[in-house]
Amino acid sequence: MTTSLHEDMTLRERVEAMWQNLSPTEQRIAEALLRCPPEKLVFSTAADLAQLSSTSDASVIRMSRRLGYSGLPGLKREAGAALTRESDPRSRLERRIAELGPDLNAALTGVITDARERLDETELSQDMAQLGAAVALISKASEVVSYGVGGSELAARHLSLKLNRLGHRSRHVGTTGFRLADDLLSLQASDVVVLYVPGRMLRDAEVLIERARAVGASCIAVSERDLAERLSSTVDVALIAPQSAGGSTAEALTALIVTDVLLLGVAALDEPRALYTSDLLSTLRQRLMGDASH
């Protein structure tokens with residue numbers, strides 16, 4: 001018998017819905033997951049949960065998927081989202097310090113594990129057709145406008161810098177409020193807007209999408225899974241950049257990975273332009289160094 005699971009179901013609801021169809025091993029893992037406090041679960045590895053349930057790493061990962069998550073990172077992210085809703089930033093920071101510090105070995109292991117899980121999920125989450133569509137839009141744009149503020153600014157600036165070095169006009173927009181209006185005035189139908197919106201939709205980003213639609217410009221969104229899926233009906237392309245469950249790694253980590261994939265795609269699509277601009281950049285740098293010596 002197949003049990004129907006819904007994305008908005010909590011971990012407990014998923015376990016209860018599937019309990020009768022779970023094997024003894026799966027039931028032990030489910031019980032361990034429910035016993036584990038959310039503040040500890042978000043920092044737990046597959047090995048930690050395997051030890052807690054007297055099973056194996058592989059069994060824990062398979063069980064996470066059986067419960068309808070993309071994997072263990074997806075399950076942990078749900079726990080992390082619940083903690084975010086229920087606590088303030090200070091409390092979340094205190095939990096991270098308690099779990100990962102001051103033992104630097106534990107901190108290193110925790111951060112590397114979090115990064116590895118996010119990168120694995122980033123690879124599994126990508127839709128090649130969507131990536132290809134994004135590369136095609138960027139390659140044909142008169143100008144690429146990359147939008148990102150706060151933690152998202154790094155990836156947005158990275159995209160603009162590298163696109164210019166590949167011979168494609170690009171500018172970063174990181175203004176907010178009334179000042180953003182000035183940056184929207186020059187937006188044209190032949191432009192492409194790339195928005196980096198990590199976990200929640202800001203009013204500024206909504207207005208930017210509205211303006212792009214009004215002038216006929218295309219939009220690409222880079223965001224975590226839930227928001228990317230919600231935005232898929234309002235933008236041309238929505239790409240997934242999974243977020244950290246416990247906040248141990250930088251917000252921009254996976255967005256930068258997705259961005260580098262796009263940049264390689266753009267370079268490969270018009271290799272002569274990319275190579276010409278690279279040579280020109282090297283020439284200008286050499287000229288500047290020569291001038292500086294006089």
# chains A, B, ... in the order shown; residues from 1 in each chain; ligands from 1
>>> select_by_dssp(residues="range 46-270 of chain A", states="strand (DSSP E or B)", output="list in words")
Val144, Val145, Ser146, Tyr147, Ser170, Arg171, His172, Val173, Val192, Val193, Val194, Leu195, Tyr196, Ser218, Cys219, Ile220, Ala221, Val222, Ser223, Val237, Ala238, Leu239 and Ile240 of chain A
>>> residues_around(residues="Leu75 in chain A", least_positions_apart="4", cutoff="10 Å", atoms="only C-alpha atoms", output="list in words")
Thr10, Leu11, Leu33, Leu41, Val42, Ile61, Ser64, Arg65, Leu67, Gly68, Tyr69, Ser70, Gly71, Ala79, Gly80 and Ala245 of chain A
>>> closest_atom_pairs(of="range 196-266 of chain A", to="range 150-173 of chain A", cutoff="8 Å", atoms="only C-alpha atoms", output="tab-separated table")
residue	atom	partner	partner_atom	distance
A:Tyr196	CA	A:Ser152	CA	5.8
A:Val197	CA	A:Ser152	CA	6.8
A:Pro198	CA	A:Ser152	CA	6.9
A:Ala250	CA	A:Gly151	CA	7.8
A:Glu251	CA	A:Gly151	CA	5.9
A:Ala252	CA	A:Ser152	CA	5.8
A:Ala255	CA	A:Ala155	CA	6.2
A:Leu256	CA	A:Ala155	CA	5.2
A:Thr259	CA	A:Leu159	CA	6.4
A:Asp260	CA	A:Leu159	CA	7.9
A:Leu263	CA	A:Leu163	CA	7.0
>>> closest_atom_pairs(of="range 159-230 of chain A", to="range 110-127 of chain A", cutoff="12 Å", atoms="only C-alpha atoms", output="tab-separated table")
residue	atom	partner	partner_atom	distance
A:Val222	CA	A:Gln126	CA	11.2
A:Ser223	CA	A:Thr122	CA	11.1
A:Glu224	CA	A:Thr122	CA	9.7
A:Arg225	CA	A:Ser125	CA	8.3
A:Asp226	CA	A:Ser125	CA	11.8
A:Ala228	CA	A:Ser125	CA	11.2
A:Glu229	CA	A:Ser125	CA	11.7
